[in-house]
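Source file query09.cif; content: mmCIF, C-alpha atoms and all ligand atoms.
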```cif
data_entry
#
loop_
_atom_site.group_PDB
_atom_site.id
_atom_site.type_symbol
_atom_site.label_atom_id
_atom_site.label_comp_id
_atom_site.auth_asym_id
_atom_site.auth_seq_id
_atom_site.Cartn_x
_atom_site.Cartn_y
_atom_site.Cartn_z
ATOM 1 C CA MET A 1 -16.733 -18.796 -12.742
ATOM 2 C CA LYS A 2 -15.714 -16.256 -10.170
ATOM 3 C CA ASP A 3 -12.718 -13.977 -9.870
ATOM 4 C CA LEU A 4 -10.358 -13.474 -6.952
ATOM 5 C CA LEU A 5 -9.253 -9.950 -6.073
ATOM 6 C CA ILE A 6 -6.253 -9.513 -3.803
ATOM 7 C CA THR A 7 -5.743 -5.912 -2.792
ATOM 8 C CA HIS A 8 -4.253 -3.540 -0.234
ATOM 9 C CA ILE A 9 -6.013 -3.223 3.123
ATOM 10 C CA LYS A 10 -4.375 0.048 4.126
ATOM 11 C CA ASP A 11 -6.122 2.768 2.165
ATOM 12 C CA ILE A 12 -8.907 3.722 -0.226
ATOM 13 C CA ASP A 13 -6.694 2.971 -3.228
ATOM 14 C CA GLY A 14 -6.635 -0.644 -2.091
ATOM 15 C CA LEU A 15 -10.326 -0.810 -1.150
ATOM 16 C CA SER A 16 -11.792 0.893 -4.200
ATOM 17 C CA PRO A 17 -11.022 -2.041 -6.536
ATOM 18 C CA VAL A 18 -13.459 -4.033 -4.360
ATOM 19 C CA ILE A 19 -16.068 -1.311 -4.884
ATOM 20 C CA LEU A 20 -15.431 -1.438 -8.637
ATOM 21 C CA MET A 21 -15.919 -5.204 -8.655
ATOM 22 C CA ASN A 22 -19.219 -4.714 -6.770
ATOM 23 C CA LEU A 23 -20.362 -2.245 -9.418
ATOM 24 C CA TRP A 24 -19.184 -4.470 -12.252
ATOM 25 C CA GLY A 25 -21.436 -7.210 -10.893
ATOM 26 C CA LYS A 26 -19.388 -10.305 -11.672
ATOM 27 C CA SER A 27 -19.180 -12.837 -8.858
ATOM 28 C CA PHE A 28 -15.919 -12.539 -6.951
ATOM 29 C CA GLU A 29 -14.121 -13.105 -3.692
ATOM 30 C CA TYR A 30 -11.640 -10.692 -2.235
ATOM 31 C CA LYS A 31 -8.742 -10.758 0.157
ATOM 32 C CA LEU A 32 -7.341 -7.616 1.783
ATOM 33 C CA LEU A 33 -3.663 -7.793 2.654
ATOM 34 C CA ASP A 34 -1.019 -5.618 4.205
ATOM 35 C CA THR A 35 2.223 -5.283 2.229
ATOM 36 C CA PHE A 36 4.224 -7.640 4.427
ATOM 37 C CA GLU A 37 1.604 -10.418 4.109
ATOM 38 C CA VAL A 38 1.719 -10.672 0.314
ATOM 39 C CA GLY A 39 4.617 -13.153 0.041
ATOM 40 C CA THR A 40 3.219 -15.659 2.517
ATOM 41 C CA TYR A 41 -0.315 -15.411 1.171
ATOM 42 C CA LEU A 42 0.687 -15.928 -2.467
ATOM 43 C CA THR A 43 3.086 -18.757 -1.651
ATOM 44 C CA GLU A 44 0.185 -20.561 0.024
ATOM 45 C CA LEU A 45 -2.282 -19.641 -2.734
ATOM 46 C CA LEU A 46 0.019 -21.016 -5.430
ATOM 47 C CA THR A 47 0.020 -24.448 -3.794
ATOM 48 C CA GLN A 48 -3.785 -24.598 -4.059
ATOM 49 C CA ASP A 49 -6.089 -25.692 -6.821
ATOM 50 C CA LEU A 50 -7.208 -22.463 -8.474
ATOM 51 C CA GLN A 51 -9.667 -23.967 -10.949
ATOM 52 C CA ASP A 52 -12.672 -22.149 -9.398
ATOM 53 C CA TYR A 53 -11.202 -18.810 -10.413
ATOM 54 C CA GLU A 54 -11.319 -17.311 -13.849
ATOM 55 C CA HIS A 55 -9.018 -14.384 -13.012
ATOM 56 C CA ILE A 56 -6.807 -13.543 -10.066
ATOM 57 C CA TYR A 57 -6.249 -9.800 -9.762
ATOM 58 C CA ILE A 58 -3.578 -8.356 -7.512
ATOM 59 C CA VAL A 59 -3.929 -4.597 -7.098
ATOM 60 C CA ASP A 60 -1.914 -1.893 -5.298
ATOM 61 C CA LEU A 61 0.428 -4.472 -3.768
ATOM 62 C CA THR A 62 4.065 -5.167 -4.526
ATOM 63 C CA VAL A 63 4.449 -8.856 -5.267
ATOM 64 C CA PRO A 64 7.850 -9.937 -3.858
ATOM 65 C CA GLU A 65 10.435 -10.761 -6.515
ATOM 66 C CA GLU A 66 10.793 -14.389 -5.363
ATOM 67 C CA ILE A 67 7.075 -15.019 -6.008
ATOM 68 C CA TYR A 68 7.328 -14.416 -9.756
ATOM 69 C CA PRO A 69 9.154 -17.675 -10.565
ATOM 70 C CA MET A 70 6.337 -19.497 -8.714
ATOM 71 C CA ILE A 71 3.676 -17.741 -10.789
ATOM 72 C CA GLU A 72 5.681 -18.511 -13.935
ATOM 73 C CA LYS A 73 5.736 -22.213 -13.071
ATOM 74 C CA SER A 74 2.030 -22.353 -12.157
ATOM 75 C CA LYS A 75 -0.373 -23.866 -14.678
ATOM 76 C CA ASP A 76 -2.754 -21.039 -13.709
ATOM 77 C CA ARG A 77 -0.283 -18.349 -14.720
ATOM 78 C CA HIS A 78 -2.649 -17.045 -17.408
ATOM 79 C CA LYS A 79 -5.237 -16.192 -14.703
ATOM 80 C CA PHE A 80 -3.024 -13.613 -13.011
ATOM 81 C CA LEU A 81 -3.352 -9.888 -13.686
ATOM 82 C CA ILE A 82 -1.299 -7.526 -11.542
ATOM 83 C CA PHE A 83 -1.835 -3.754 -11.343
ATOM 84 C CA ASP A 84 0.488 -1.613 -9.285
ATOM 85 C CA HIS A 85 2.229 1.736 -9.054
ATOM 86 C CA HIS A 86 4.885 1.269 -6.355
ATOM 87 C CA GLU A 87 8.474 2.213 -7.253
ATOM 88 C CA THR A 88 9.689 -0.858 -5.394
ATOM 89 C CA HIS A 89 7.865 -3.148 -7.858
ATOM 90 C CA ASN A 90 9.942 -2.146 -10.887
ATOM 91 C CA TYR A 91 11.595 -5.565 -11.306
ATOM 92 C CA ALA A 92 8.237 -7.008 -12.467
ATOM 93 C CA ARG A 93 7.972 -4.721 -15.474
ATOM 94 C CA SER A 94 8.812 -7.421 -18.036
ATOM 95 C CA TYR A 95 6.032 -9.868 -17.109
ATOM 96 C CA PRO A 96 3.198 -9.568 -19.622
ATOM 97 C CA TYR A 97 0.461 -9.860 -16.976
ATOM 98 C CA VAL A 98 1.865 -7.000 -14.880
ATOM 99 C CA THR A 99 0.704 -3.419 -15.427
ATOM 100 C CA LEU A 100 2.982 -0.920 -13.689
ATOM 101 C CA ASP A 101 2.480 2.814 -13.937
ATOM 102 C CA MET A 102 3.897 5.201 -11.329
ATOM 103 C CA GLU A 103 1.781 8.076 -12.679
ATOM 104 C CA GLU A 104 -1.407 6.223 -11.796
ATOM 105 C CA CYS A 105 -2.701 4.519 -8.661
ATOM 106 C CA GLY A 106 -3.890 0.947 -8.154
ATOM 107 C CA THR A 107 -7.550 1.928 -8.467
ATOM 108 C CA THR A 108 -7.159 3.920 -11.707
ATOM 109 C CA LEU A 109 -5.181 1.100 -13.350
ATOM 110 C CA PHE A 110 -7.850 -1.413 -12.348
ATOM 111 C CA TYR A 111 -10.631 0.981 -13.408
ATOM 112 C CA GLN A 112 -9.044 1.340 -16.854
ATOM 113 C CA TYR A 113 -8.817 -2.422 -17.144
ATOM 114 C CA LEU A 114 -12.452 -3.015 -16.085
ATOM 115 C CA GLN A 115 -13.622 -0.483 -18.652
ATOM 116 C CA THR A 116 -12.008 -2.577 -21.381
ATOM 117 C CA GLN A 117 -14.023 -5.485 -19.948
ATOM 118 C CA GLY A 118 -17.331 -3.636 -20.138
ATOM 119 C CA LEU A 119 -17.676 -1.724 -16.858
ATOM 120 C CA SER A 120 -19.772 1.326 -17.658
ATOM 121 C CA THR A 121 -18.754 4.698 -16.314
ATOM 122 C CA ASN A 122 -20.657 7.787 -15.236
ATOM 123 C CA PRO A 123 -19.679 11.282 -14.002
ATOM 124 C CA SER A 124 -19.982 10.527 -10.267
ATOM 125 C CA LEU A 125 -17.906 7.351 -10.583
ATOM 126 C CA ASP A 126 -15.220 9.228 -12.552
ATOM 127 C CA GLN A 127 -15.189 11.917 -9.877
ATOM 128 C CA TYR A 128 -14.825 9.326 -7.131
ATOM 129 C CA ILE A 129 -11.940 7.546 -8.905
ATOM 130 C CA GLU A 130 -10.160 10.860 -9.468
ATOM 131 C CA ALA A 131 -10.435 11.634 -5.740
ATOM 132 C CA VAL A 132 -8.944 8.247 -4.842
ATOM 133 C CA LYS A 133 -6.008 8.927 -7.158
ATOM 134 C CA ASP A 134 -5.464 12.441 -5.795
ATOM 135 C CA LEU A 135 -5.386 11.106 -2.256
ATOM 136 C CA ASP A 136 -3.086 8.202 -3.056
ATOM 137 C CA LEU A 137 -0.632 10.232 -5.128
ATOM 138 C CA TRP A 138 -0.920 13.167 -2.755
ATOM 139 C CA THR A 139 -2.005 15.541 -5.496
ATOM 140 C CA PHE A 140 -5.299 16.583 -3.891
ATOM 141 C CA GLU A 141 -3.935 19.920 -2.648
ATOM 142 C CA LYS A 142 -2.472 20.875 -5.978
ATOM 143 C CA ASN A 143 -5.701 19.797 -7.708
ATOM 144 C CA HIS A 144 -7.921 21.346 -5.002
ATOM 145 C CA ASN A 145 -9.698 18.045 -4.611
ATOM 146 C CA THR A 146 -11.561 18.395 -1.302
ATOM 147 C CA LEU A 147 -13.281 15.040 -1.785
ATOM 148 C CA SER A 148 -9.988 13.126 -1.352
ATOM 149 C CA PRO A 149 -9.294 13.874 2.327
ATOM 150 C CA GLN A 150 -12.994 13.354 3.094
ATOM 151 C CA LEU A 151 -12.799 9.835 1.672
ATOM 152 C CA GLY A 152 -9.663 9.178 3.706
ATOM 153 C CA SER A 153 -11.508 10.301 6.848
ATOM 154 C CA LEU A 154 -14.484 8.120 6.047
ATOM 155 C CA LEU A 155 -12.284 5.051 5.881
ATOM 156 C CA GLU A 156 -10.863 5.860 9.327
ATOM 157 C CA LEU A 157 -14.389 6.288 10.682
ATOM 158 C CA LEU A 158 -16.148 3.382 9.028
ATOM 159 C CA GLY A 159 -13.462 0.703 8.743
ATOM 160 C CA GLU A 160 -12.849 -1.325 5.592
ATOM 161 C CA THR A 161 -16.100 -3.287 5.270
ATOM 162 C CA ARG A 162 -18.490 -0.428 5.998
ATOM 163 C CA TYR A 163 -16.490 1.907 3.776
ATOM 164 C CA ILE A 164 -16.821 -0.542 0.891
ATOM 165 C CA ASP A 165 -20.563 -0.980 1.567
ATOM 166 C CA GLU A 166 -21.387 2.740 1.971
ATOM 167 C CA ILE A 167 -19.437 3.872 -1.090
ATOM 168 C CA THR A 168 -20.766 1.010 -3.209
ATOM 169 C CA ALA A 169 -24.326 2.059 -2.248
ATOM 170 C CA LEU A 170 -23.640 5.710 -3.138
ATOM 171 C CA LEU A 171 -22.069 4.811 -6.475
ATOM 172 C CA ARG A 172 -24.845 2.427 -7.470
ATOM 173 C CA VAL A 173 -27.002 5.514 -7.962
ATOM 174 C CA GLU A 174 -25.605 7.236 -11.038
ATOM 175 C CA THR A 175 -25.572 11.012 -10.586
ATOM 176 C CA GLN A 176 -23.941 13.997 -12.219
ATOM 177 C CA SER A 177 -21.694 14.623 -9.241
ATOM 178 C CA PHE A 178 -20.557 12.577 -6.265
ATOM 179 C CA THR A 179 -22.533 13.510 -3.113
ATOM 180 C CA PHE A 180 -22.523 12.145 0.424
ATOM 181 C CA SER A 181 -25.693 11.363 2.354
ATOM 182 C CA PRO A 182 -26.631 13.889 5.128
ATOM 183 C CA PHE A 183 -25.513 11.304 7.697
ATOM 184 C CA LEU A 184 -22.045 10.932 6.153
ATOM 185 C CA ASN A 185 -21.779 14.720 5.872
ATOM 186 C CA ARG A 186 -22.443 15.237 9.590
ATOM 187 C CA LEU A 187 -19.988 12.474 10.424
ATOM 188 C CA LEU A 188 -17.329 14.238 8.351
ATOM 189 C CA GLU A 189 -17.914 17.578 10.106
ATOM 190 C CA LEU A 190 -17.391 16.066 13.542
ATOM 191 C CA GLU A 191 -14.373 14.195 12.283
ATOM 192 C CA GLU A 192 -12.767 17.397 11.004
ATOM 193 C CA GLU A 193 -12.925 18.938 14.495
ATOM 194 C CA ASN A 194 -11.596 15.753 16.049
ATOM 195 C CA LYS A 195 -8.697 15.552 13.596
ATOM 196 C CA LYS A 196 -7.541 19.086 14.255
ATOM 197 C CA ARG A 197 -7.381 18.402 17.989
ATOM 198 C CA TYR A 198 -5.470 15.171 17.322
ATOM 199 C CA ILE A 199 -2.826 16.812 15.106
ATOM 200 C CA ASP A 200 -2.339 19.728 17.540
ATOM 201 C CA LYS A 201 -1.628 17.298 20.371
ATOM 202 C CA ARG A 202 0.882 15.310 18.274
ATOM 203 C CA GLU A 203 2.643 18.503 17.245
ATOM 204 C CA GLU A 204 3.103 19.527 20.901
ATOM 205 C CA ARG A 205 5.017 16.284 21.468
ATOM 206 C CA MET A 206 7.024 16.197 18.256
ATOM 207 C CA ILE A 207 10.654 15.070 18.637
ATOM 208 C CA ARG A 208 13.194 16.705 16.320
ATOM 209 C CA GLY A 209 16.365 15.175 14.983
ATOM 210 C CA THR A 210 18.586 14.494 11.960
ATOM 211 C CA LEU A 211 18.859 11.338 9.886
ATOM 212 C CA PHE A 212 21.987 10.479 7.818
ATOM 213 C CA LYS A 213 23.477 13.719 9.273
ATOM 214 C CA ASP A 214 21.597 16.141 7.020
ATOM 215 C CA VAL A 215 17.954 15.167 6.764
ATOM 216 C CA ASN A 216 15.925 17.162 9.296
ATOM 217 C CA ILE A 217 13.169 15.072 10.741
ATOM 218 C CA GLY A 218 10.264 15.596 13.077
ATOM 219 C CA MET A 219 8.967 12.434 14.731
ATOM 220 C CA VAL A 220 5.589 11.844 16.298
ATOM 221 C CA TYR A 221 3.806 8.823 17.710
ATOM 222 C CA ALA A 222 0.371 8.476 16.199
ATOM 223 C CA GLU A 223 -2.096 5.733 15.430
ATOM 224 C CA LYS A 224 -4.345 7.701 13.088
ATOM 225 C CA TYR A 225 -4.267 10.234 10.248
ATOM 226 C CA ARG A 226 -0.790 9.397 8.950
ATOM 227 C CA SER A 227 -1.144 11.350 5.719
ATOM 228 C CA GLU A 228 -2.871 14.332 7.289
ATOM 229 C CA ILE A 229 -0.291 14.599 10.078
ATOM 230 C CA GLY A 230 2.556 14.393 7.578
ATOM 231 C CA ASP A 231 0.976 16.957 5.315
ATOM 232 C CA GLU A 232 0.037 19.390 8.079
ATOM 233 C CA LEU A 233 3.323 19.199 10.008
ATOM 234 C CA LEU A 234 5.406 19.684 6.849
ATOM 235 C CA LYS A 235 3.338 22.789 6.212
ATOM 236 C CA ARG A 236 3.645 24.107 9.764
ATOM 237 C CA HIS A 237 7.415 23.421 9.921
ATOM 238 C CA PRO A 238 9.137 24.396 6.658
ATOM 239 C CA ASP A 239 12.565 23.649 8.236
ATOM 240 C CA LEU A 240 11.757 19.922 8.415
ATOM 241 C CA ASP A 241 12.468 17.633 5.429
ATOM 242 C CA VAL A 242 10.711 14.507 6.614
ATOM 243 C CA ILE A 243 7.939 13.789 9.092
ATOM 244 C CA VAL A 244 8.247 10.353 10.695
ATOM 245 C CA ILE A 245 5.031 8.950 12.118
ATOM 246 C CA VAL A 246 5.473 5.938 14.345
ATOM 247 C CA ASN A 247 2.497 3.690 14.876
ATOM 248 C CA MET A 248 3.567 0.731 16.953
ATOM 249 C CA ASN A 249 0.812 -1.407 15.472
ATOM 250 C CA GLY A 250 0.975 -0.142 11.922
ATOM 251 C CA GLY A 251 4.622 0.671 11.248
ATOM 252 C CA ILE A 252 6.701 3.750 10.572
ATOM 253 C CA SER A 253 5.434 6.220 7.963
ATOM 254 C CA LEU A 254 7.711 8.706 6.244
ATOM 255 C CA ARG A 255 6.314 11.830 4.603
ATOM 256 C CA SER A 256 8.303 14.472 2.748
ATOM 257 C CA ARG A 257 8.176 17.488 0.478
ATOM 258 C CA ASP A 258 11.438 17.158 -1.487
ATOM 259 C CA VAL A 259 13.410 14.242 -0.058
ATOM 260 C CA ASP A 260 12.933 10.803 -1.673
ATOM 261 C CA VAL A 261 11.703 8.838 1.330
ATOM 262 C CA SER A 262 11.333 5.605 -0.664
ATOM 263 C CA LYS A 263 15.158 5.412 -0.592
ATOM 264 C CA ILE A 264 15.214 5.982 3.167
ATOM 265 C CA ALA A 265 12.509 3.343 3.637
ATOM 266 C CA SER A 266 14.352 0.786 1.447
ATOM 267 C CA TYR A 267 17.515 1.348 3.490
ATOM 268 C CA PHE A 268 15.560 0.238 6.585
ATOM 269 C CA GLY A 269 13.802 -2.660 4.842
ATOM 270 C CA GLY A 270 10.609 -0.842 3.858
ATOM 271 C CA GLY A 271 9.366 0.718 0.666
ATOM 272 C CA GLY A 272 6.871 3.001 -1.018
ATOM 273 C CA HIS A 273 6.802 6.250 -2.949
ATOM 274 C CA ILE A 274 9.002 9.335 -3.254
ATOM 275 C CA HIS A 275 6.915 11.453 -0.864
ATOM 276 C CA ALA A 276 5.241 8.715 1.188
ATOM 277 C CA SER A 277 6.868 5.481 2.304
ATOM 278 C CA GLY A 278 6.746 3.029 5.174
ATOM 279 C CA ILE A 279 8.783 0.628 7.258
ATOM 280 C CA GLY A 280 7.259 -2.259 9.217
ATOM 281 C CA ILE A 281 7.797 -2.824 12.929
ATOM 282 C CA PRO A 282 8.278 -6.543 13.707
ATOM 283 C CA LEU A 283 6.576 -7.995 16.777
ATOM 284 C CA GLU A 284 9.986 -8.671 18.362
ATOM 285 C CA ILE A 285 10.825 -4.965 18.324
ATOM 286 C CA ARG A 286 7.441 -4.064 19.779
ATOM 287 C CA LYS A 287 8.135 -6.480 22.636
ATOM 288 C CA GLU A 288 11.618 -4.994 23.086
ATOM 289 C CA VAL A 289 10.198 -1.498 23.473
ATOM 290 C CA PHE A 290 7.911 -2.765 26.200
ATOM 291 C CA LYS A 291 10.810 -4.492 27.961
ATOM 292 C CA THR A 292 12.995 -1.394 27.737
ATOM 293 C CA LEU A 293 10.268 0.848 29.092
ATOM 294 C CA LEU A 294 9.693 -1.460 32.041
ATOM 295 C CA LYS A 295 13.468 -1.762 32.545
ATOM 296 C CA GLY A 296 13.635 -5.525 32.141
ATOM 297 C CA GLU A 297 11.252 -6.144 35.044
ATOM 298 C CA ILE A 298 8.734 -7.847 32.812
ATOM 299 C CA HIS A 299 8.414 -11.393 31.568
ATOM 300 C CA ILE A 300 6.707 -11.673 28.191
ATOM 301 C CA GLU A 301 5.051 -14.915 27.110
ATOM 302 C CA ASP A 302 6.070 -16.225 23.671
HETATM 303 MN MN MN B 401 -1.759 2.935 -3.900
#
```
For this file, write the structure as structure tokens.
Ligand SMILES: [Mn+2]
Amino acid sequence: MKDLLITHIKDIDGLSPVILMNLWGKSFEYKLLDTFEVGTYLTELLTQDLQDYEHIYIVDLTVPEEIYPMIEKSKDRHKFLIFDHHETHNYARSYPYVTLDMEECGTTLFYQYLQTQGLSTNPSLDQYIEAVKDLDLWTFEKNHNTLSPQLGSLLELLGETRYIDEITALLRVETQSFTFSPFLNRLLELEEENKKRYIDKREERMIRGTLFKDVNIGMVYAEKYRSEIGDELLKRHPDLDVIVIVNMNGGISLRSRDVDVSKIASYFGGGGHIHASGIGIPLEIRKEVFKTLLKGEIHIED
């Protein structure tokens, strides 16, 4: 029997559980989802016959509250195992098949679980997992983990599928420390130069303002490098509390030093962590922006 892994498409914390399943070697299928797709996907899944699956893992995703009664009613309830670390998922704490730990990340929780199921570890795998956690929890600076931002860059460069394939291949060879191939190293060097140029240009066009009267924000439009832009601009501008990164296709990202941006995000219908949260941008709003910019002179097909 195979397993089904449902995990977060957005970052390496969501993708690394797929890599771990590859290394574990058990046959499985996986589905990568964005946060806002979870409810619809699970509602549909729970109407299906799930007898082909032995386990259904959901990692690094907040399962909407209204889905839990459906899982509870399902005859396949015992197949579900949920691992998450988002503050906004707290209501699920009492379900026995849910593991919630805000000190960990999705990948580390899943890694711990797989070890109890017989996944063997080695120093390079441990080092990789630690880097994923440091990137996801934003502790890589404090811990001087230079591997974390490199992994984040690689995902941007390679896309989800190639990232999973390349990292799986590297980790299949057990070594004393995690090392990139010469090709990946060169790629990372070029990317570093490119990233610096990108952040400099966004900074030049940063819009300043205040939110709820006393939160100083700097807002930029950017499609890439959300975490790096947030991190770098907070460092360059100590007077700002929150950096708001607007990606019309990906949503609004909030990054902060001291302010709890998960509260700000919840207020606007989003969610996330204390220092890193997000708010979705519905298609309707994206169309509205277009209409406003072209002063109503445009007809948009539905
Ligand atoms: Mn995560």
* To do: In the coordinates of the file, take the point (-5.9, -10.1, -14.9) and a cut-off of 9 Å; then, counting only C-alpha atoms, name each qualifying protein, DNA or RNA residue as a PyMOL selection string.
  => chain A and resi 55-58+78-83+97-98+113
* Within 7 Å of ligand MN 401 (chain B), counting all atoms listed in the file, residues as a PyMOL selection string -> chain A and resi 13-14+60+85+105-106+136
Near stretch 211-230 of chain A, 9 Å: stretch 254-280 of chain A residue rows, closest pairs, only C-alpha atoms, as a tab-separated table:
```
residue	atom	partner	partner_atom	distance
A:Leu254	CA	A:Gly230	CA	7.8
A:Arg255	CA	A:Gly230	CA	5.4
A:Ser256	CA	A:Gly230	CA	7.5
A:Val259	CA	A:Val215	CA	8.2
A:Ala276	CA	A:Ser227	CA	8.3
```
Residues within 12 Å of A:Glu37, please, as a PDB file with C-alpha atoms, in the frame of the given file. Count all atoms listed in the file; anything in the same chain fewer than 3 positions from it doesn't count.
```pdb
ATOM      1  CA  ILE A   6      -6.253  -9.513  -3.803  1.00  0.00           C
ATOM      2  CA  THR A   7      -5.743  -5.912  -2.792  1.00  0.00           C
ATOM      3  CA  HIS A   8      -4.253  -3.540  -0.234  1.00  0.00           C
ATOM      4  CA  ILE A   9      -6.013  -3.223   3.123  1.00  0.00           C
ATOM      5  CA  LYS A  31      -8.742 -10.758   0.157  1.00  0.00           C
ATOM      6  CA  LEU A  32      -7.341  -7.616   1.783  1.00  0.00           C
ATOM      7  CA  LEU A  33      -3.663  -7.793   2.654  1.00  0.00           C
ATOM      8  CA  ASP A  34      -1.019  -5.618   4.205  1.00  0.00           C
ATOM      9  CA  THR A  40       3.219 -15.659   2.517  1.00  0.00           C
ATOM     10  CA  TYR A  41      -0.315 -15.411   1.171  1.00  0.00           C
ATOM     11  CA  LEU A  42       0.687 -15.928  -2.467  1.00  0.00           C
ATOM     12  CA  THR A  43       3.086 -18.757  -1.651  1.00  0.00           C
ATOM     13  CA  GLU A  44       0.185 -20.561   0.024  1.00  0.00           C
ATOM     14  CA  LEU A  61       0.428  -4.472  -3.768  1.00  0.00           C
ATOM     15  CA  THR A  62       4.065  -5.167  -4.526  1.00  0.00           C
ATOM     16  CA  VAL A  63       4.449  -8.856  -5.267  1.00  0.00           C
ATOM     17  CA  PRO A  64       7.850  -9.937  -3.858  1.00  0.00           C
ATOM     18  CA  GLY A 280       7.259  -2.259   9.217  1.00  0.00           C
TER      19      GLY A 280
END
```
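Comparing the minimum interatomic distances between A:Val261 and each of A:Leu135, A:Gln112, A:Arg202, A:Glu87, counting all atoms listed in the file, we find that A:Glu87 sits nearest.
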* Got a sec to resolve the PyMOL selection byres (((chain A and resi 130) around 10) and not hetatm) on this structure and send the residues as a ChimeraX atom specification? -> /A:105,107-108,124-129,131-136,140,145,147-148
* For atom CA of A:Thr47 and atom CA of A:Ile279, quote the distance in Å rounded to one decimal. =>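 These two atoms are separated by 28.8 Å.
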Can you report as AutoDock Vina command-line options the centre and edge lengths in Å, to one decimal, of an axis-aligned box around the listed atoms of stretch 112-119 of chain A padded with 5 Å on each side?
```
--center_x -13.2 --center_y -2.1 --center_z -18.7 --size_x 18.9 --size_y 16.8 --size_z 15.3
```
* To do: Might you spell out which residues the PyMOL selection byres (((chain A and resi 271) around 12) and not hetatm) would select in the displayed file, as a ChimeraX atom specification?
  => /A:35-36,61-62,64,86-90,251-254,260-270,272-280
Saved selection, atoms kept: C-alpha atoms, as a compact mmCIF listing (two decimals), in the coordinates of the input:
```txt
# COMPACT_ATOMS: atom_id res chain seq x y z
CA THR A 35 2.22 -5.28 2.23
CA PHE A 36 4.22 -7.64 4.43
CA LEU A 61 0.43 -4.47 -3.77
CA THR A 62 4.07 -5.17 -4.53
CA PRO A 64 7.85 -9.94 -3.86
CA HIS A 86 4.88 1.27 -6.36
CA GLU A 87 8.47 2.21 -7.25
CA THR A 88 9.69 -0.86 -5.39
CA HIS A 89 7.86 -3.15 -7.86
CA ASN A 90 9.94 -2.15 -10.89
CA GLY A 251 4.62 0.67 11.25
CA ILE A 252 6.70 3.75 10.57
CA SER A 253 5.43 6.22 7.96
CA LEU A 254 7.71 8.71 6.24
CA ASP A 260 12.93 10.80 -1.67
CA VAL A 261 11.70 8.84 1.33
CA SER A 262 11.33 5.60 -0.66
CA LYS A 263 15.16 5.41 -0.59
CA ILE A 264 15.21 5.98 3.17
CA ALA A 265 12.51 3.34 3.64
CA SER A 266 14.35 0.79 1.45
CA TYR A 267 17.52 1.35 3.49
CA PHE A 268 15.56 0.24 6.58
CA GLY A 269 13.80 -2.66 4.84
CA GLY A 270 10.61 -0.84 3.86
CA GLY A 272 6.87 3.00 -1.02
CA HIS A 273 6.80 6.25 -2.95
CA ILE A 274 9.00 9.34 -3.25
CA HIS A 275 6.92 11.45 -0.86
CA ALA A 276 5.24 8.72 1.19
CA SER A 277 6.87 5.48 2.30
CA GLY A 278 6.75 3.03 5.17
CA ILE A 279 8.78 0.63 7.26
CA GLY A 280 7.26 -2.26 9.22
```
* To do: Give the answer as one residue: which of A:Ala92, A:Ile164, A:Ile285, A:Leu233 has the shortest atom-to-atom distance to A:Glu66, using only C-alpha atoms?
  =>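 Closest to A:Glu66 of all the choices is A:Ala92.
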* Would you work out the distance separating atom CA of A:Phe110 from atom CA of A:Ser181, expressed in Å to one decimal? => 26.4 Å
* Could you give me, as a PyMOL selection string, the residues that sit within 12 Å of (-1.0, -25.5, -13.5) in the file's coordinates, counting all atoms listed in the file? => chain A and resi 46-51+70-79
Produce stretch 14-24 of chain A of the given structure as output with N, CA and C atoms, as a PDB file, in the first residue's frame.
```pdb
ATOM      1  N   GLY A  14       8.028  22.946   3.085  1.00  0.00           N
ATOM      2  CA  GLY A  14       6.953  22.142   2.512  1.00  0.00           C
ATOM      3  C   GLY A  14       7.470  21.063   1.561  1.00  0.00           C
ATOM      4  N   LEU A  15       8.571  21.363   0.868  1.00  0.00           N
ATOM      5  CA  LEU A  15       9.070  20.412  -0.146  1.00  0.00           C
ATOM      6  C   LEU A  15       9.944  19.313   0.459  1.00  0.00           C
ATOM      7  N   SER A  16      10.606  19.619   1.560  1.00  0.00           N
ATOM      8  CA  SER A  16      11.534  18.642   2.121  1.00  0.00           C
ATOM      9  C   SER A  16      10.860  17.357   2.616  1.00  0.00           C
ATOM     10  N   PRO A  17       9.613  17.403   3.105  1.00  0.00           N
ATOM     11  CA  PRO A  17       8.949  16.129   3.411  1.00  0.00           C
ATOM     12  C   PRO A  17       8.877  15.184   2.201  1.00  0.00           C
ATOM     13  N   VAL A  18       8.772  15.741   0.994  1.00  0.00           N
ATOM     14  CA  VAL A  18       8.773  14.898  -0.207  1.00  0.00           C
ATOM     15  C   VAL A  18      10.143  14.237  -0.360  1.00  0.00           C
ATOM     16  N   ILE A  19      11.193  15.026  -0.120  1.00  0.00           N
ATOM     17  CA  ILE A  19      12.559  14.497  -0.200  1.00  0.00           C
ATOM     18  C   ILE A  19      12.749  13.375   0.832  1.00  0.00           C
ATOM     19  N   LEU A  20      12.222  13.602   2.031  1.00  0.00           N
ATOM     20  CA  LEU A  20      12.337  12.575   3.081  1.00  0.00           C
ATOM     21  C   LEU A  20      11.616  11.294   2.691  1.00  0.00           C
ATOM     22  N   MET A  21      10.455  11.436   2.075  1.00  0.00           N
ATOM     23  CA  MET A  21       9.726  10.244   1.611  1.00  0.00           C
ATOM     24  C   MET A  21      10.532   9.513   0.539  1.00  0.00           C
ATOM     25  N   ASN A  22      11.173  10.282  -0.370  1.00  0.00           N
ATOM     26  CA  ASN A  22      12.036   9.662  -1.389  1.00  0.00           C
ATOM     27  C   ASN A  22      13.132   8.842  -0.736  1.00  0.00           C
ATOM     28  N   LEU A  23      13.750   9.420   0.304  1.00  0.00           N
ATOM     29  CA  LEU A  23      14.863   8.736   0.970  1.00  0.00           C
ATOM     30  C   LEU A  23      14.369   7.513   1.751  1.00  0.00           C
ATOM     31  N   TRP A  24      13.182   7.637   2.290  1.00  0.00           N
ATOM     32  CA  TRP A  24      12.608   6.553   3.096  1.00  0.00           C
ATOM     33  C   TRP A  24      12.336   5.333   2.216  1.00  0.00           C
TER      34      TRP A  24
END
```
